[in-house]
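The next block is data.cif, given as mmCIF, C-alpha atoms (C1' of nucleotides).
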```cif
data_work
loop_
_atom_site.label_atom_id
_atom_site.label_comp_id
_atom_site.auth_asym_id
_atom_site.auth_seq_id
_atom_site.Cartn_x
_atom_site.Cartn_y
_atom_site.Cartn_z
CA MET X 206 -7.15 -64.63 -29.61
CA ALA X 207 -4.34 -67.08 -29.28
CA ALA X 208 -5.46 -69.01 -32.40
CA GLU X 209 -3.47 -71.97 -31.17
CA LYS X 210 -3.64 -74.68 -33.75
CA HIS X 211 -2.34 -77.34 -31.44
CA ASP X 212 -4.12 -78.21 -28.28
CA VAL X 213 -2.15 -78.58 -25.04
CA PHE X 214 -3.42 -82.12 -24.50
CA GLN X 215 -2.12 -83.10 -27.91
CA ALA X 216 1.16 -81.31 -27.35
CA ILE X 217 1.98 -83.30 -24.23
CA ALA X 218 0.79 -86.58 -25.73
CA ASP X 219 4.20 -87.21 -27.27
CA PRO X 220 6.96 -88.43 -24.92
CA THR X 221 9.69 -86.58 -26.82
CA ARG X 222 7.83 -83.31 -26.40
CA ARG X 223 7.37 -83.96 -22.70
CA GLN X 224 11.12 -84.48 -22.43
CA VAL X 225 11.78 -81.24 -24.28
CA LEU X 226 9.65 -79.38 -21.76
CA GLN X 227 11.57 -81.00 -18.91
CA LEU X 228 14.86 -79.89 -20.48
CA LEU X 229 13.69 -76.31 -20.61
CA VAL X 230 12.84 -76.28 -16.92
CA GLU X 231 16.54 -75.97 -16.12
CA GLN X 232 17.41 -73.25 -18.61
CA ASP X 233 16.66 -71.72 -21.98
CA LEU X 234 18.31 -73.66 -24.79
CA PRO X 235 19.02 -73.26 -28.53
CA ILE X 236 17.68 -75.80 -31.02
CA SER X 237 20.90 -77.70 -31.60
CA GLU X 238 21.45 -78.14 -27.90
CA ILE X 239 17.95 -79.49 -27.44
CA ALA X 240 18.41 -81.79 -30.41
CA SER X 241 21.65 -83.15 -28.99
CA HIS X 242 19.64 -84.80 -26.21
CA PHE X 243 17.73 -87.01 -28.65
CA GLN X 244 18.50 -89.68 -31.21
CA ILE X 245 16.21 -88.18 -33.84
CA SER X 246 17.27 -85.54 -36.33
CA ARG X 247 17.40 -81.83 -35.58
CA THR X 248 14.63 -81.32 -38.15
CA ALA X 249 12.35 -83.68 -36.22
CA VAL X 250 13.08 -81.81 -33.01
CA VAL X 251 12.27 -78.53 -34.73
CA LYS X 252 8.87 -79.94 -35.67
CA HIS X 253 8.21 -80.88 -32.06
CA LEU X 254 9.19 -77.37 -31.03
CA GLY X 255 6.69 -76.10 -33.56
CA VAL X 256 3.89 -78.09 -31.94
CA LEU X 257 4.92 -76.88 -28.49
CA THR X 258 5.00 -73.30 -29.74
CA GLU X 259 1.53 -73.58 -31.24
CA ALA X 260 0.27 -74.89 -27.92
CA GLY X 261 1.84 -71.90 -26.19
CA LEU X 262 4.08 -74.11 -24.06
CA VAL X 263 7.33 -72.58 -25.29
CA ASP X 264 8.42 -69.42 -27.03
CA SER X 265 11.68 -68.49 -28.69
CA GLU X 266 14.00 -65.61 -29.36
CA LYS X 267 16.61 -65.34 -32.07
CA ILE X 268 20.00 -64.37 -30.65
CA GLY X 269 22.71 -64.12 -33.26
CA ARG X 270 22.67 -67.32 -35.19
CA GLU X 271 20.97 -69.15 -32.34
CA LYS X 272 17.28 -69.50 -31.56
CA ARG X 273 16.77 -69.98 -27.87
CA TYR X 274 13.65 -71.66 -26.53
CA HIS X 275 12.01 -70.77 -23.28
CA LEU X 276 9.46 -72.73 -21.23
CA ARG X 277 5.95 -71.29 -20.86
CA PRO X 278 4.18 -73.69 -18.50
CA GLU X 279 1.02 -71.62 -18.09
CA PRO X 280 -1.17 -73.52 -20.61
CA LEU X 281 -0.64 -76.68 -18.57
CA SER X 282 -3.17 -75.30 -16.15
CA GLU X 283 -5.83 -76.36 -18.62
CA VAL X 284 -4.74 -79.96 -18.16
CA LYS X 285 -4.56 -79.55 -14.42
CA ASP X 286 -8.07 -78.11 -14.31
CA TRP X 287 -9.49 -80.85 -16.50
CA LEU X 288 -7.89 -83.47 -14.30
CA GLY X 289 -9.99 -82.29 -11.42
CA PHE X 290 -13.15 -83.47 -13.15
CA TYR X 291 -13.04 -86.97 -11.77
CA GLU X 292 -13.17 -85.81 -8.17
CA GLN X 293 -16.90 -85.81 -8.88
CA PHE X 294 -16.50 -89.52 -9.47
CA TRP X 295 -15.40 -90.14 -5.89
CA GLU X 296 -18.10 -87.87 -4.53
CA ASN X 297 -20.72 -89.86 -6.44
CA LYS X 298 -19.35 -93.09 -5.04
CA LEU X 299 -19.51 -91.77 -1.49
CA THR X 300 -23.07 -90.56 -1.98
CA ARG X 301 -24.16 -93.99 -3.20
CA LEU X 302 -22.38 -95.69 -0.34
CA LYS X 303 -24.17 -93.40 2.09
CA HIS X 304 -27.53 -94.34 0.63
CA VAL X 305 -26.73 -98.02 1.02
CA LEU X 306 -25.75 -97.55 4.64
CA GLU X 307 -28.90 -95.58 5.39
CA ALA X 308 -30.99 -98.35 3.84
CA GLU X 309 -29.20 -100.89 6.04
CA GLU X 310 -30.01 -98.86 9.14
CA GLY X 311 -33.64 -98.61 8.14
CA ARG X 312 -33.89 -102.39 8.05
CA GLU X 313 -32.44 -102.91 11.50
CA MET E 116 2.28 -106.30 -16.11
CA ALA E 117 -0.42 -104.14 -17.52
CA ALA E 118 1.09 -104.29 -21.04
CA GLU E 119 -0.93 -101.23 -21.90
CA LYS E 120 -0.44 -100.42 -25.53
CA HIS E 121 -1.88 -96.96 -25.24
CA ASP E 122 -0.38 -94.42 -22.97
CA VAL E 123 -2.61 -92.30 -20.72
CA PHE E 124 -1.30 -89.05 -22.20
CA GLN E 125 -2.26 -90.25 -25.65
CA ALA E 126 -5.62 -91.50 -24.45
CA ILE E 127 -6.67 -88.09 -23.13
CA ALA E 128 -5.25 -86.24 -26.14
CA ASP E 129 -8.49 -86.71 -28.04
CA PRO E 130 -11.43 -84.46 -27.08
CA THR E 131 -14.02 -87.14 -27.81
CA ARG E 132 -12.28 -89.51 -25.42
CA ARG E 133 -12.14 -86.85 -22.74
CA GLN E 134 -15.90 -86.38 -23.13
CA VAL E 135 -16.46 -90.12 -22.85
CA LEU E 136 -14.61 -90.11 -19.55
CA GLN E 137 -16.75 -87.23 -18.33
CA LEU E 138 -19.91 -89.13 -19.26
CA LEU E 139 -18.83 -92.11 -17.20
CA VAL E 140 -18.32 -89.97 -14.11
CA GLU E 141 -22.08 -89.89 -13.62
CA GLN E 142 -22.78 -93.58 -14.14
CA ASP E 143 -21.76 -96.75 -15.93
CA LEU E 144 -23.11 -96.82 -19.48
CA PRO E 145 -23.47 -99.31 -22.34
CA ILE E 146 -21.86 -98.61 -25.71
CA SER E 147 -24.97 -97.48 -27.56
CA GLU E 148 -25.84 -95.03 -24.82
CA ILE E 149 -22.36 -93.54 -24.94
CA ALA E 150 -22.49 -93.39 -28.72
CA SER E 151 -25.82 -91.55 -28.63
CA HIS E 152 -24.02 -88.54 -27.13
CA PHE E 153 -21.85 -88.08 -30.23
CA GLN E 154 -22.32 -87.39 -33.91
CA ILE E 155 -19.83 -90.02 -35.01
CA SER E 156 -20.73 -93.64 -35.62
CA ARG E 157 -21.02 -96.24 -32.88
CA THR E 158 -18.07 -98.07 -34.42
CA ALA E 159 -15.90 -95.00 -34.03
CA VAL E 160 -16.96 -94.69 -30.40
CA VAL E 161 -16.09 -98.34 -29.84
CA LYS E 162 -12.58 -97.63 -31.11
CA HIS E 163 -12.22 -94.76 -28.67
CA LEU E 164 -13.39 -97.07 -25.90
CA GLY E 165 -10.68 -99.49 -27.00
CA VAL E 166 -8.00 -96.85 -26.58
CA LEU E 167 -9.37 -95.88 -23.17
CA THR E 168 -9.43 -99.53 -22.14
CA GLU E 169 -5.82 -100.06 -23.22
CA ALA E 170 -4.84 -97.04 -21.16
CA GLY E 171 -6.65 -98.55 -18.17
CA LEU E 172 -9.00 -95.58 -17.90
CA VAL E 173 -12.18 -97.65 -18.31
CA ASP E 174 -13.17 -101.25 -18.00
CA SER E 175 -16.29 -103.08 -19.12
CA GLU E 176 -18.58 -105.90 -18.20
CA LYS E 177 -20.93 -107.76 -20.49
CA ILE E 178 -24.43 -107.87 -19.06
CA GLY E 179 -26.87 -109.70 -21.29
CA ARG E 180 -26.59 -108.13 -24.71
CA GLU E 181 -25.15 -104.96 -23.27
CA LYS E 182 -21.55 -104.11 -22.51
CA ARG E 183 -21.38 -101.57 -19.74
CA TYR E 184 -18.37 -99.31 -19.36
CA HIS E 185 -17.04 -98.11 -16.04
CA LEU E 186 -14.64 -95.27 -15.28
CA ARG E 187 -11.22 -96.13 -13.82
CA PRO E 188 -9.62 -92.73 -13.12
CA GLU E 189 -6.55 -94.12 -11.33
CA PRO E 190 -4.11 -93.94 -14.28
CA LEU E 191 -4.74 -90.20 -14.49
CA SER E 192 -2.47 -89.87 -11.48
CA GLU E 193 0.44 -90.34 -13.88
CA VAL E 194 -0.59 -87.16 -15.66
CA LYS E 195 -1.13 -85.34 -12.39
CA ASP E 196 2.32 -86.35 -11.17
CA TRP E 197 4.01 -85.34 -14.39
CA LEU E 198 2.28 -81.98 -14.28
CA GLY E 199 4.09 -81.22 -11.05
CA PHE E 200 7.43 -81.16 -12.86
CA TYR E 201 7.28 -77.52 -13.75
CA GLU E 202 7.04 -76.39 -10.16
CA GLN E 203 10.81 -76.71 -10.37
CA PHE E 204 10.60 -74.00 -13.02
CA TRP E 205 9.18 -71.47 -10.60
CA GLU E 206 11.67 -72.46 -7.92
CA ASN E 207 14.51 -71.89 -10.37
CA LYS E 208 13.15 -68.47 -11.22
CA LEU E 209 12.90 -67.50 -7.57
CA THR E 210 16.45 -68.66 -6.91
CA ARG E 211 17.78 -66.55 -9.76
CA LEU E 212 15.80 -63.53 -8.62
CA LYS E 213 17.26 -63.96 -5.14
CA HIS E 214 20.78 -63.94 -6.55
CA VAL E 215 20.09 -60.77 -8.47
CA LEU E 216 18.77 -59.06 -5.34
CA GLU E 217 21.77 -60.14 -3.30
CA ALA E 218 24.10 -58.74 -5.95
CA GLU E 219 22.19 -55.44 -5.82
CA GLU E 220 22.63 -55.28 -2.06
CA GLY E 221 26.34 -55.98 -2.36
CA ARG E 222 26.71 -52.96 -4.64
CA GLU E 223 24.97 -50.55 -2.30
"C1'" DT Z 142 -40.15 -118.48 -33.14
"C1'" DC Z 143 -38.84 -114.22 -34.86
"C1'" DA Z 144 -38.07 -109.36 -35.11
"C1'" DA Z 145 -35.68 -105.89 -32.71
"C1'" DT Z 146 -31.73 -104.57 -29.97
"C1'" DA Z 147 -26.83 -104.56 -28.83
"C1'" DT Z 148 -22.50 -105.61 -29.96
"C1'" DA Z 149 -18.44 -107.50 -32.91
"C1'" DT Z 150 -15.55 -107.35 -36.71
"C1'" DA Z 151 -13.63 -106.67 -41.20
"C1'" DA Z 152 -12.39 -103.82 -45.02
"C1'" DC Z 153 -11.55 -99.58 -46.44
"C1'" DC Z 154 -10.22 -94.45 -46.66
"C1'" DA Z 155 -8.19 -89.63 -45.97
"C1'" DT Z 156 -5.47 -87.08 -43.05
"C1'" DT Z 157 -2.16 -86.46 -39.52
"C1'" DT Z 158 2.02 -87.66 -37.34
"C1'" DG Z 159 6.73 -88.36 -36.65
"C1'" DG Z 160 10.36 -89.18 -39.02
"C1'" DT Z 161 13.92 -88.71 -42.92
"C1'" DT Z 162 17.30 -86.40 -46.45
"C1'" DT Z 163 18.74 -82.55 -49.00
"C1'" DC Z 164 19.82 -77.93 -49.91
"C1'" DA Z 165 19.84 -72.91 -48.95
"C1'" DC Z 166 20.62 -68.99 -45.93
"C1'" DT Z 167 22.70 -66.28 -42.05
"C1'" DT Z 168 26.00 -65.41 -38.56
"C1'" DT Z 169 30.38 -65.91 -36.42
"C1'" DA Z 170 35.30 -66.38 -35.78
"C1'" DA Z 171 39.86 -67.18 -37.31
"C1'" DT G 152 37.04 -63.72 -46.72
"C1'" DT G 153 35.86 -68.05 -45.96
"C1'" DA G 154 34.84 -72.21 -43.44
"C1'" DA G 155 32.13 -73.72 -39.67
"C1'" DA G 156 28.03 -73.39 -36.91
"C1'" DG G 157 23.14 -72.71 -36.48
"C1'" DT G 158 18.96 -72.51 -38.50
"C1'" DG G 159 15.08 -72.71 -42.21
"C1'" DA G 160 12.44 -75.09 -45.32
"C1'" DA G 161 11.04 -78.29 -48.96
"C1'" DA G 162 10.05 -82.90 -50.51
"C1'" DC G 163 9.22 -87.21 -49.32
"C1'" DC G 164 7.75 -91.53 -46.62
"C1'" DA G 165 5.58 -95.21 -43.48
"C1'" DA G 166 2.64 -95.82 -39.95
"C1'" DA G 167 -0.90 -94.28 -36.89
"C1'" DT G 168 -5.31 -92.01 -36.28
"C1'" DG G 169 -10.07 -91.21 -36.62
"C1'" DG G 170 -13.46 -92.03 -39.32
"C1'" DT G 171 -16.72 -94.76 -42.57
"C1'" DT G 172 -19.88 -98.78 -44.39
"C1'" DA G 173 -21.24 -103.44 -44.49
"C1'" DT G 174 -22.01 -107.80 -42.55
"C1'" DA G 175 -22.31 -111.22 -38.87
"C1'" DT G 176 -23.47 -112.84 -34.24
"C1'" DA G 177 -25.81 -112.97 -29.75
"C1'" DT G 178 -29.62 -111.77 -26.69
"C1'" DT G 179 -34.17 -110.40 -25.50
"C1'" DG G 180 -39.16 -110.00 -25.45
"C1'" DA G 181 -43.61 -110.45 -27.41
#
```
How does this structure look as structure tokens?
Amino acid sequence: MAAEKHDVFQAIADPTRRQVLQLLVEQDLPISEIASHFQISRTAVVKHLGVLTEAGLVDSEKIGREKRYHLRPEPLSEVKDWLGFYEQFWENKLTRLKHVLEAEEGRE
Amino acid sequence: MAAEKHDVFQAIADPTRRQVLQLLVEQDLPISEIASHFQISRTAVVKHLGVLTEAGLVDSEKIGREKRYHLRPEPLSEVKDWLGFYEQFWENKLTRLKHVLEAEEGRE
DNA sequence: TCAATATATAACCATTTGGTTTCACTTTAA
DNA sequence: TTAAAGTGAAACCAAATGGTTATATATTGA
């Protein structure tokens, strides 16, 4: 029961949030360090981190006065899986093409 | 120069729009037919189709009084490509683990 | 020709989103 | 012990989002 308020698709819809995820690929980072990579305020970055947390894409740990964020890419598999859906599209196209070709042969 | 106002990531952020795309995998469909699959008004569906069009994920053709929509899955490759980014994450982890193991060996 | 079908468009609305500024609290280091 | 660093959280704002209803226009078929 993850009870994730924010959906993964929504979480990655924002370009700033996608950049945050990219940053965390290299290493875990505290809020202020993450914020230093963007023009927007630290508060705005914190909100983005909140969305990413709710989507399960990051988690965090308080160390001293810092709060370090860590990448959790697992939920992205939902996106990856969904993306596969349109392979059916190409299969359908091939099937129709095959029917057309068979009809052509029949006429010859 | 596609000049696409809506980004693909944003286009697929909405669950209704994802369902519309799935519908169009099977076959091209006119607006009213698409709308009949949802509870929301036809006008609302038309707006979703507008977003999908701007993202290049569908196109349409007016046939008589109908406007038939057609799936264009190509832009989804941008999402697929982006998704690959976090493979670097696993590579990083493996590299670090390797270092730890080498240090262990050195101590023995 | 005329009603039914399909779409287009405008005006409007509530909520969400992405941002801001301000102030308070906790931890660290000199 | 006190200033600086790092974070938390509230209040506020404009614009975008996802929806509605109402009205107009174009096409078809009997």
request  = Would you give me, as a list in words, the residues of chain X that come within 9 Å of chain G, using all atoms listed in the file?
outcome  = Pro235, Ile236, Ser237, Arg270, Glu271 and Lys272 of chain X
Between X:Val284, X:Ala260, X:Ala216, X:Leu229, smallest distance to chain Z by all atoms listed in the file belongs to X:Ala216
| request: Restrict the distance test to only C-alpha atoms, flag each residue of chain X within 6 Å of chain E, and return the flagged residues as a PyMOL selection string. | output: chain X and resi 214-215+218+230+294
With C-alpha atoms kept, could you save the residues just selected as a compact mmCIF listing (two decimals), keeping the file's coordinate frame?
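Now in part.txt:
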```
# COMPACT_ATOMS: atom_id res chain seq x y z
CA PHE X 214 -3.42 -82.12 -24.50
CA GLN X 215 -2.12 -83.10 -27.91
CA ALA X 218 0.79 -86.58 -25.73
CA VAL X 230 12.84 -76.28 -16.92
CA PHE X 294 -16.50 -89.52 -9.47
```
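Between CA of Lys267 in chain X and CA of Val250 in chain X the interatomic distance comes to 16.9 Å.
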I'm after chain X in the frame of chain E: fit it by least squares over all Cα atoms matched in order, and give me the output as a compact mmCIF listing (two decimals) with C-alpha atoms, in the frame of the given file.
```txt
# COMPACT_ATOMS: atom_id res chain seq x y z
CA MET X 206 2.44 -106.21 -16.02
CA ALA X 207 -0.33 -104.10 -17.40
CA ALA X 208 1.12 -104.27 -20.95
CA GLU X 209 -0.90 -101.20 -21.82
CA LYS X 210 -0.43 -100.45 -25.46
CA HIS X 211 -1.87 -96.99 -25.21
CA ASP X 212 -0.35 -94.41 -22.98
CA VAL X 213 -2.59 -92.31 -20.72
CA PHE X 214 -1.29 -89.06 -22.20
CA GLN X 215 -2.25 -90.25 -25.65
CA ALA X 216 -5.61 -91.50 -24.46
CA ILE X 217 -6.66 -88.11 -23.12
CA ALA X 218 -5.26 -86.24 -26.12
CA ASP X 219 -8.50 -86.71 -28.03
CA PRO X 220 -11.42 -84.45 -27.06
CA THR X 221 -14.02 -87.13 -27.79
CA ARG X 222 -12.29 -89.52 -25.41
CA ARG X 223 -12.14 -86.85 -22.72
CA GLN X 224 -15.89 -86.38 -23.13
CA VAL X 225 -16.46 -90.12 -22.84
CA LEU X 226 -14.61 -90.14 -19.53
CA GLN X 227 -16.74 -87.24 -18.31
CA LEU X 228 -19.90 -89.14 -19.24
CA LEU X 229 -18.82 -92.12 -17.19
CA VAL X 230 -18.30 -90.00 -14.09
CA GLU X 231 -22.06 -89.91 -13.59
CA GLN X 232 -22.77 -93.59 -14.13
CA ASP X 233 -21.77 -96.75 -15.94
CA LEU X 234 -23.11 -96.82 -19.49
CA PRO X 235 -23.50 -99.31 -22.37
CA ILE X 236 -21.88 -98.61 -25.73
CA SER X 237 -24.98 -97.48 -27.58
CA GLU X 238 -25.85 -95.02 -24.86
CA ILE X 239 -22.37 -93.55 -24.95
CA ALA X 240 -22.51 -93.38 -28.73
CA SER X 241 -25.82 -91.55 -28.63
CA HIS X 242 -24.03 -88.54 -27.14
CA PHE X 243 -21.85 -88.07 -30.23
CA GLN X 244 -22.32 -87.37 -33.91
CA ILE X 245 -19.85 -90.04 -34.99
CA SER X 246 -20.75 -93.66 -35.60
CA ARG X 247 -21.04 -96.27 -32.88
CA THR X 248 -18.07 -98.08 -34.44
CA ALA X 249 -15.91 -94.97 -34.02
CA VAL X 250 -16.97 -94.69 -30.40
CA VAL X 251 -16.09 -98.33 -29.85
CA LYS X 252 -12.59 -97.61 -31.13
CA HIS X 253 -12.23 -94.76 -28.66
CA LEU X 254 -13.38 -97.08 -25.90
CA GLY X 255 -10.70 -99.49 -27.02
CA VAL X 256 -8.01 -96.85 -26.59
CA LEU X 257 -9.37 -95.89 -23.18
CA THR X 258 -9.43 -99.55 -22.15
CA GLU X 259 -5.83 -100.07 -23.23
CA ALA X 260 -4.84 -97.06 -21.17
CA GLY X 261 -6.63 -98.57 -18.18
CA LEU X 262 -9.00 -95.60 -17.91
CA VAL X 263 -12.16 -97.66 -18.32
CA ASP X 264 -13.17 -101.28 -18.02
CA SER X 265 -16.29 -103.09 -19.13
CA GLU X 266 -18.62 -105.90 -18.23
CA LYS X 267 -20.98 -107.75 -20.51
CA ILE X 268 -24.51 -107.84 -19.09
CA GLY X 269 -26.98 -109.62 -21.31
CA ARG X 270 -26.69 -108.10 -24.71
CA GLU X 271 -25.20 -104.92 -23.29
CA LYS X 272 -21.59 -104.07 -22.53
CA ARG X 273 -21.40 -101.55 -19.76
CA TYR X 274 -18.37 -99.31 -19.35
CA HIS X 275 -17.05 -98.13 -16.05
CA LEU X 276 -14.64 -95.28 -15.28
CA ARG X 277 -11.21 -96.14 -13.85
CA PRO X 278 -9.60 -92.77 -13.14
CA GLU X 279 -6.54 -94.13 -11.35
CA PRO X 280 -4.09 -93.95 -14.30
CA LEU X 281 -4.72 -90.21 -14.49
CA SER X 282 -2.45 -89.88 -11.51
CA GLU X 283 0.45 -90.35 -13.89
CA VAL X 284 -0.59 -87.17 -15.68
CA LYS X 285 -1.11 -85.37 -12.41
CA ASP X 286 2.34 -86.38 -11.19
CA TRP X 287 4.02 -85.34 -14.42
CA LEU X 288 2.29 -81.99 -14.26
CA GLY X 289 4.10 -81.24 -11.06
CA PHE X 290 7.43 -81.17 -12.87
CA TYR X 291 7.29 -77.51 -13.76
CA GLU X 292 7.07 -76.40 -10.15
CA GLN X 293 10.84 -76.69 -10.40
CA PHE X 294 10.59 -74.00 -13.04
CA TRP X 295 9.19 -71.48 -10.57
CA GLU X 296 11.70 -72.48 -7.93
CA ASN X 297 14.53 -71.86 -10.39
CA LYS X 298 13.13 -68.46 -11.22
CA LEU X 299 12.94 -67.50 -7.56
CA THR X 300 16.49 -68.67 -6.95
CA ARG X 301 17.77 -66.52 -9.82
CA LEU X 302 15.79 -63.54 -8.61
CA LYS X 303 17.30 -63.98 -5.17
CA HIS X 304 20.80 -63.94 -6.60
CA VAL X 305 20.06 -60.73 -8.46
CA LEU X 306 18.75 -59.07 -5.33
CA GLU X 307 21.77 -60.16 -3.31
CA ALA X 308 24.06 -58.71 -5.98
CA GLU X 309 22.15 -55.43 -5.80
CA GLU X 310 22.63 -55.29 -2.04
CA GLY X 311 26.32 -55.96 -2.39
CA ARG X 312 26.68 -52.91 -4.61
CA GLU X 313 24.94 -50.55 -2.22
```
Picked residues, the PyMOL selection byres ((chain X) within 9 of (chain Z)), expected as a short mmCIF file (atom, residue, chain, number, x, y, z; two decimals) with C-alpha atoms, in the frame of the given file:
```cif
data_model
loop_
_atom_site.label_atom_id
_atom_site.label_comp_id
_atom_site.auth_asym_id
_atom_site.auth_seq_id
_atom_site.Cartn_x
_atom_site.Cartn_y
_atom_site.Cartn_z
CA ILE X 245 16.21 -88.18 -33.84
CA SER X 246 17.27 -85.54 -36.33
CA THR X 248 14.63 -81.32 -38.15
CA ALA X 249 12.35 -83.68 -36.22
CA LYS X 252 8.87 -79.94 -35.67
CA HIS X 253 8.21 -80.88 -32.06
CA GLY X 269 22.71 -64.12 -33.26
CA ARG X 270 22.67 -67.32 -35.19
CA GLU X 271 20.97 -69.15 -32.34
#
```
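We find CA of His121 in chain E and CA of Glu169 in chain E to be spaced 5.4 Å apart.
We find CA of Leu306 in chain X and CA of Arg183 in chain E to be spaced 25.1 Å apart.
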Have range 269-281 of chain X completed to N, CA, C and O atoms, please, and pass it along as a tab-separated table (two decimals), in the coordinates of the input.
```tsv
chain	number	residue	atom	x	y	z
X	269	GLY	N	21.63	-63.81	-32.33
X	269	GLY	CA	22.71	-64.12	-33.26
X	269	GLY	C	22.27	-65.22	-34.19
X	269	GLY	O	21.17	-65.15	-34.75
X	270	ARG	N	23.08	-66.24	-34.31
X	270	ARG	CA	22.67	-67.32	-35.19
X	270	ARG	C	21.89	-68.39	-34.43
X	270	ARG	O	21.46	-69.38	-35.00
X	271	GLU	N	21.71	-68.18	-33.14
X	271	GLU	CA	20.97	-69.15	-32.34
X	271	GLU	C	19.50	-68.76	-32.18
X	271	GLU	O	19.15	-67.59	-32.29
X	272	LYS	N	18.68	-69.75	-31.91
X	272	LYS	CA	17.28	-69.50	-31.56
X	272	LYS	C	17.04	-70.20	-30.24
X	272	LYS	O	17.00	-71.41	-30.16
X	273	ARG	N	16.91	-69.40	-29.22
X	273	ARG	CA	16.77	-69.98	-27.87
X	273	ARG	C	15.32	-70.16	-27.50
X	273	ARG	O	14.51	-69.25	-27.65
X	274	TYR	N	15.02	-71.34	-26.96
X	274	TYR	CA	13.65	-71.66	-26.53
X	274	TYR	C	13.51	-71.52	-25.04
X	274	TYR	O	14.41	-71.83	-24.27
X	275	HIS	N	12.31	-71.09	-24.66
X	275	HIS	CA	12.01	-70.77	-23.28
X	275	HIS	C	10.69	-71.45	-22.88
X	275	HIS	O	9.73	-71.43	-23.65
X	276	LEU	N	10.66	-72.05	-21.72
X	276	LEU	CA	9.46	-72.73	-21.23
X	276	LEU	C	8.36	-71.75	-20.84
X	276	LEU	O	8.63	-70.74	-20.20
X	277	ARG	N	7.15	-72.07	-21.23
X	277	ARG	CA	5.95	-71.29	-20.86
X	277	ARG	C	4.91	-72.26	-20.31
X	277	ARG	O	4.01	-72.69	-21.03
X	278	PRO	N	5.04	-72.61	-19.03
X	278	PRO	CA	4.18	-73.69	-18.50
X	278	PRO	C	2.72	-73.32	-18.29
X	278	PRO	O	1.90	-74.20	-18.05
X	279	GLU	N	2.38	-72.06	-18.42
X	279	GLU	CA	1.02	-71.62	-18.09
X	279	GLU	C	-0.10	-72.46	-18.72
X	279	GLU	O	-1.05	-72.83	-18.02
X	280	PRO	N	-0.04	-72.78	-20.01
X	280	PRO	CA	-1.17	-73.52	-20.61
X	280	PRO	C	-1.42	-74.89	-19.98
X	280	PRO	O	-2.48	-75.46	-20.16
X	281	LEU	N	-0.44	-75.38	-19.23
X	281	LEU	CA	-0.64	-76.68	-18.57
X	281	LEU	C	-1.74	-76.63	-17.53
X	281	LEU	O	-2.25	-77.66	-17.10
```
